[in-house]
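Shown next: my_file-v8.cif, given as mmCIF, C-alpha atoms.
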```cif
data_data
loop_
_atom_site.label_atom_id
_atom_site.label_comp_id
_atom_site.auth_asym_id
_atom_site.auth_seq_id
_atom_site.Cartn_x
_atom_site.Cartn_y
_atom_site.Cartn_z
CA ALA A 1 19.00 -54.63 -0.74
CA LEU A 2 20.01 -52.19 1.94
CA LYS A 3 17.42 -50.94 4.40
CA VAL A 4 17.88 -47.66 6.27
CA GLU A 5 15.73 -46.86 9.31
CA CYS A 6 15.74 -44.01 11.81
CA GLY A 7 14.57 -44.37 15.38
CA GLY A 8 15.18 -41.79 18.08
CA ARG A 9 18.86 -40.85 18.09
CA ARG A 10 19.88 -43.93 16.12
CA ILE A 11 20.13 -44.83 12.44
CA TYR A 12 19.99 -48.51 11.44
CA VAL A 13 21.39 -49.97 8.22
CA SER A 14 20.73 -53.62 7.46
CA GLY A 15 21.59 -55.84 4.51
CA ASP A 16 22.57 -59.37 3.63
CA GLY A 17 23.18 -60.95 7.04
CA PHE A 18 24.36 -57.81 8.81
CA ARG A 19 23.05 -54.84 10.75
CA ALA A 20 24.90 -51.63 11.63
CA GLU A 21 23.72 -49.06 14.17
CA PHE A 22 24.81 -45.44 14.41
CA GLU A 23 24.27 -42.96 17.22
CA SER A 24 25.21 -39.27 17.03
CA GLY A 25 26.85 -39.96 13.70
CA MET A 26 29.20 -42.72 14.94
CA LEU A 27 29.07 -46.48 14.46
CA CYS A 28 28.01 -47.93 17.82
CA ARG A 29 27.05 -51.55 17.04
CA TYR A 30 27.70 -54.03 14.25
CA GLU A 31 26.22 -57.50 13.93
CA LYS A 32 26.95 -60.09 11.25
CA GLY A 33 25.88 -63.71 10.97
CA GLY A 34 24.09 -63.45 14.30
CA ASN A 35 27.27 -62.33 16.11
CA VAL A 36 27.88 -58.96 17.71
CA ILE A 37 31.24 -57.89 16.29
CA ILE A 38 31.22 -54.32 17.64
CA GLY A 39 29.14 -53.67 20.75
CA ALA A 40 30.42 -50.25 21.86
CA PRO A 41 30.67 -46.92 20.01
CA LEU A 42 33.74 -46.00 18.00
CA ASP A 43 35.42 -42.87 19.29
CA PHE A 44 38.27 -40.60 18.25
CA ARG A 45 41.51 -40.65 20.19
CA LEU A 46 44.11 -37.89 20.02
CA TYR A 47 45.80 -38.84 23.28
CA ARG A 48 48.12 -41.71 24.14
CA ALA A 49 50.25 -42.59 27.12
CA PRO A 50 53.46 -40.51 27.01
CA THR A 51 56.78 -42.24 26.49
CA ASP A 52 60.04 -41.22 28.17
CA ASN A 53 60.92 -39.28 25.03
CA ASP A 54 57.66 -37.30 25.30
CA GLY A 55 58.60 -36.06 28.76
CA ILE A 56 58.51 -36.99 32.42
CA LEU A 57 55.57 -35.58 34.35
CA GLY A 58 55.93 -34.34 37.90
CA MET A 59 59.54 -33.21 37.61
CA ARG A 60 60.96 -29.83 36.54
CA SER A 61 58.91 -28.06 33.88
CA TRP A 62 61.64 -28.46 31.24
CA SER A 63 61.47 -32.25 31.63
CA GLU A 64 57.75 -32.45 30.82
CA ARG A 65 58.20 -31.40 27.17
CA ASN A 66 55.31 -32.66 24.99
CA ALA A 67 53.62 -34.58 27.82
CA GLY A 68 53.18 -31.43 29.90
CA ILE A 69 51.55 -29.54 27.02
CA TRP A 70 49.27 -32.47 26.18
CA ASN A 71 48.04 -32.63 29.77
CA GLU A 72 47.65 -28.86 30.01
CA MET A 73 45.48 -28.88 26.87
CA GLN A 74 43.46 -31.81 28.28
CA LEU A 75 43.83 -33.88 25.11
CA ASP A 76 42.84 -36.98 27.07
CA THR A 77 39.32 -35.53 27.49
CA MET A 78 38.66 -34.85 23.79
CA ARG A 79 35.31 -36.15 22.59
CA TYR A 80 33.29 -35.81 19.40
CA PHE A 81 29.99 -33.95 19.60
CA ALA A 82 27.87 -34.12 16.44
CA GLU A 83 25.97 -30.92 15.60
CA SER A 84 24.12 -32.40 12.61
CA VAL A 85 23.52 -35.99 11.45
CA GLY A 86 21.96 -37.34 8.27
CA ALA A 87 21.61 -40.41 6.08
CA GLU A 88 21.13 -41.09 2.39
CA SER A 89 21.06 -44.21 0.24
CA GLY A 90 21.49 -45.11 -3.41
CA ASP A 91 23.84 -46.85 -5.87
CA GLY A 92 24.09 -49.92 -3.66
CA CYS A 93 25.25 -48.14 -0.53
CA ALA A 94 24.04 -46.04 2.39
CA VAL A 95 25.91 -43.04 3.77
CA ILE A 96 25.68 -41.87 7.38
CA PHE A 97 27.21 -38.43 7.71
CA SER A 98 27.69 -35.94 10.51
CA HIS A 99 29.32 -32.61 11.23
CA GLY A 100 30.53 -31.59 14.66
CA LYS A 101 33.45 -30.75 16.91
CA LEU A 102 36.15 -32.83 18.55
CA LEU A 103 37.13 -30.86 21.63
CA PRO A 104 38.41 -31.16 25.22
CA ASN A 105 36.46 -30.39 28.38
CA THR A 106 37.39 -26.76 29.00
CA LYS A 107 39.94 -25.50 26.45
CA TRP A 108 38.91 -23.52 23.35
CA CYS A 109 40.60 -25.66 20.74
CA GLY A 110 39.91 -28.77 18.73
CA PHE A 111 38.79 -29.85 15.30
CA GLU A 112 35.71 -29.28 13.20
CA LEU A 113 34.96 -32.71 11.76
CA ASP A 114 33.00 -34.10 8.84
CA VAL A 115 32.52 -37.84 9.34
CA ARG A 116 31.13 -40.29 6.76
CA PHE A 117 30.35 -43.99 7.07
CA THR A 118 29.56 -45.56 3.69
CA VAL A 119 27.86 -48.93 4.17
CA TYR A 120 27.82 -51.37 1.25
CA GLY A 121 25.47 -54.25 0.57
CA ASP A 122 27.99 -56.92 1.58
CA GLY A 123 28.50 -55.34 5.01
CA LYS A 124 31.75 -53.53 4.32
CA ILE A 125 32.01 -50.01 5.77
CA LEU A 126 34.22 -47.24 4.40
CA VAL A 127 35.15 -44.64 7.03
CA GLY A 128 36.03 -41.10 5.98
CA VAL A 129 37.01 -38.21 8.26
CA HIS A 130 37.98 -34.65 7.36
CA GLY A 131 39.12 -32.31 10.11
CA LYS A 132 39.90 -28.61 10.35
CA PRO A 133 41.77 -27.42 13.46
CA TYR A 134 40.74 -24.33 15.43
CA GLY A 135 42.08 -22.58 18.51
CA LYS A 136 45.57 -23.07 19.91
CA LEU A 137 46.55 -26.72 19.65
CA PRO A 138 49.95 -28.21 20.57
CA ASP A 139 52.57 -28.20 17.82
CA ARG A 140 52.68 -32.01 18.07
CA LEU A 141 49.64 -34.18 18.65
CA PRO A 142 50.08 -37.55 20.39
CA ARG A 143 48.08 -39.34 17.68
CA ILE A 144 45.06 -39.06 15.40
CA GLY A 145 43.08 -42.27 15.50
CA LEU A 146 39.90 -44.25 15.99
CA HIS A 147 39.35 -46.48 19.02
CA LEU A 148 37.00 -49.43 19.33
CA THR A 149 36.31 -52.13 21.90
CA LEU A 150 35.94 -55.77 20.84
CA ASP A 151 34.93 -59.06 22.46
CA GLY A 152 37.66 -60.38 24.76
CA ALA A 153 37.52 -63.73 22.94
CA MET A 154 38.91 -62.10 19.78
CA ARG A 155 42.57 -62.67 20.66
CA SER A 156 44.08 -63.81 17.34
CA THR A 157 45.76 -61.08 15.30
CA GLU A 158 46.95 -61.26 11.68
CA TRP A 159 48.34 -58.36 9.68
CA TYR A 160 50.44 -57.43 6.69
CA GLY A 161 52.86 -54.65 7.46
CA ARG A 162 55.82 -54.11 9.73
CA GLY A 163 56.48 -56.70 12.41
CA PRO A 164 56.68 -58.77 14.40
CA ARG A 165 57.84 -56.25 17.00
CA HIS A 166 56.06 -52.97 17.52
CA SER A 167 57.10 -49.98 15.43
CA TYR A 168 56.63 -46.22 15.22
CA ALA A 169 57.28 -43.49 12.66
CA ASP A 170 60.72 -42.80 14.18
CA PHE A 171 61.41 -46.39 15.19
CA LYS A 172 60.54 -48.89 12.47
CA LYS A 173 63.50 -49.81 10.25
CA SER A 174 64.20 -52.97 12.23
CA ALA A 175 60.59 -54.15 11.81
CA ARG A 176 60.47 -55.90 8.44
CA PHE A 177 57.49 -56.04 6.11
CA GLY A 178 55.63 -59.35 6.08
CA LEU A 179 52.51 -61.30 6.96
CA TYR A 180 52.39 -61.89 10.71
CA SER A 181 50.04 -63.61 13.13
CA CYS A 182 50.09 -63.94 16.91
CA ASP A 183 48.08 -63.74 20.09
CA ILE A 184 47.06 -60.27 21.24
CA ALA A 185 49.50 -60.44 24.17
CA ASP A 186 52.43 -60.73 21.74
CA THR A 187 51.60 -57.54 19.81
CA TYR A 188 53.01 -55.21 22.46
CA PHE A 189 55.81 -54.89 25.02
CA LEU A 190 55.22 -53.96 28.66
CA TYR A 191 57.78 -51.48 29.95
CA ASP A 192 58.70 -51.19 33.62
CA LYS A 193 57.14 -47.75 33.53
CA PRO A 194 53.70 -47.94 31.80
CA GLN A 195 53.76 -46.02 28.53
CA GLU A 196 52.62 -46.16 24.91
CA THR A 197 53.30 -49.55 23.32
CA GLY A 198 52.21 -51.92 20.57
CA SER A 199 51.85 -49.79 17.44
CA HIS A 200 52.52 -51.37 14.02
CA GLU A 201 53.39 -48.95 11.21
CA ASN A 202 52.73 -49.25 7.46
CA THR A 203 49.95 -51.81 7.89
CA ALA A 204 47.95 -52.75 4.78
CA PHE A 205 45.35 -54.79 6.68
CA VAL A 206 44.76 -56.35 10.08
CA THR A 207 42.28 -59.08 11.06
CA VAL A 208 41.39 -59.91 14.65
CA SER A 209 39.37 -63.03 15.38
CA GLY A 210 38.24 -65.50 18.02
CA GLY A 211 35.09 -66.96 19.49
CA GLY A 212 33.59 -67.45 16.02
CA LYS A 213 33.94 -63.74 15.21
CA SER A 214 36.32 -61.71 13.08
CA LEU A 215 36.88 -58.11 12.03
CA SER A 216 39.19 -56.81 9.31
CA VAL A 217 40.46 -53.27 8.79
CA ILE A 218 42.00 -52.33 5.43
CA GLY A 219 44.04 -49.20 4.83
CA GLU A 220 43.88 -46.73 1.96
CA PRO A 221 46.69 -47.51 1.41
CA GLU A 222 48.08 -48.06 4.94
CA PHE A 223 47.74 -47.17 8.62
CA ALA A 224 49.16 -47.93 12.05
CA PHE A 225 47.31 -50.11 14.57
CA SER A 226 47.68 -51.34 18.11
CA TYR A 227 45.61 -54.02 19.85
CA HIS A 228 45.59 -54.60 23.60
CA ASP A 229 43.92 -56.88 26.12
CA PHE A 230 43.67 -53.98 28.58
CA THR A 231 42.33 -50.46 28.36
CA LEU A 232 44.59 -47.69 27.07
CA GLU A 233 43.83 -45.78 30.26
CA ALA A 234 45.74 -48.48 32.16
CA LEU A 235 48.93 -47.11 30.59
CA THR A 236 48.43 -43.64 32.00
#
```
Please, can you express the file's structure as structure tokens?
Amino acid sequence: ALKVECGGRRIYVSGDGFRAEFESGMLCRYEKGGNVIIGAPLDFRLYRAPTDNDGILGMRSWSERNAGIWNEMQLDTMRYFAESVGAESGDGCAVIFSHGKLLPNTKWCGFELDVRFTVYGDGKILVGVHGKPYGKLPDRLPRIGLHLTLDGAMRSTEWYGRGPRHSYADFKKSARFGLYSCDIADTYFLYDKPQETGSHENTAFVTVSGGGKSLSVIGEPEFAFSYHDFTLEALT
């Protein structure tokens, strides 16, 4: 049976061999079988390192294109601030829900978000996010995604989707559908000039593992993922 506890700013959900912790409405720690699978909070990411096609910063204004607007709007500083958080349980699951804003440091723009984590008795977690934009946002957003940090020992990657090379919405026909597996270092390509790299489009599921730990993400029905052995900030 699931057990839901509240303590300070955190909500704890425990069940058969697992324990999930939430702070300010976001999953911040997940343990299963005595192993810490997730040890740092999930966070939303709307920014990514610009590619050459996005624009070249520091040159004439016309050359900066999307990248210049993204930097002007401070999309790299966007963070989620929960205004209300709650929890409820029943029918074999527990739901942690929050409402708040995803916004940059100083610009009046962003998204009003409703975030739901549905935790089931076997430890699976369904993530649901609904967002409503406000203010003046760029016509094109770099990405809409969730970011998490995992143990460095979790280097093995297996996925069903496009591969083995990286792929993007406008650059994916040469990446065939299939079941692929490789080391984390083989999931991306390092360009001479650091920029966005390593995405895999039309992914049905991905599993990362190592050091006796594993984590799987399943799409509804699909998603794009990237997995790196360095921080995304290193690309900018």
Between atom CA of Gln195 of chain A and atom CA of Pro50 of chain A, what is the distance in Å, rounded to a tenth?
5.7 Å
Take the PyMOL selection byres ((chain A and resi 38) around 8), run it mentally on this structure, and tell me the resulting residues as number ranges by chain.
A: 28-31, 36-37, 39-41, 148-151
Please produce an output containing C-alpha atoms for each residue in the selection, written as an mmCIF file, in the frame of the given file.
```
data_model
loop_
_atom_site.group_PDB
_atom_site.id
_atom_site.type_symbol
_atom_site.label_atom_id
_atom_site.label_comp_id
_atom_site.auth_asym_id
_atom_site.auth_seq_id
_atom_site.Cartn_x
_atom_site.Cartn_y
_atom_site.Cartn_z
ATOM 1 C CA CYS A 28 28.010 -47.930 17.820
ATOM 2 C CA ARG A 29 27.050 -51.550 17.040
ATOM 3 C CA TYR A 30 27.700 -54.030 14.250
ATOM 4 C CA GLU A 31 26.220 -57.500 13.930
ATOM 5 C CA VAL A 36 27.880 -58.960 17.710
ATOM 6 C CA ILE A 37 31.240 -57.890 16.290
ATOM 7 C CA GLY A 39 29.140 -53.670 20.750
ATOM 8 C CA ALA A 40 30.420 -50.250 21.860
ATOM 9 C CA PRO A 41 30.670 -46.920 20.010
ATOM 10 C CA LEU A 148 37.000 -49.430 19.330
ATOM 11 C CA THR A 149 36.310 -52.130 21.900
ATOM 12 C CA LEU A 150 35.940 -55.770 20.840
ATOM 13 C CA ASP A 151 34.930 -59.060 22.460
#
```
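Taking atom CA of His147 of chain A and atom CA of Asp16 of chain A as the two end points, the separation is 26.2 Å.
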Could you state which residues are captured by the PyMOL selection byres ((chain A and resi 6) around 12) in this file, as a PyMOL selection string?
chain A and resi 3-5+7-14+20-25+85-88+96
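Among the candidates A:Gly212, A:Met78, A:Val206, A:Asp192, the one nearest to Gly34 of chain A when counting all atoms listed in the file is A:Gly212.
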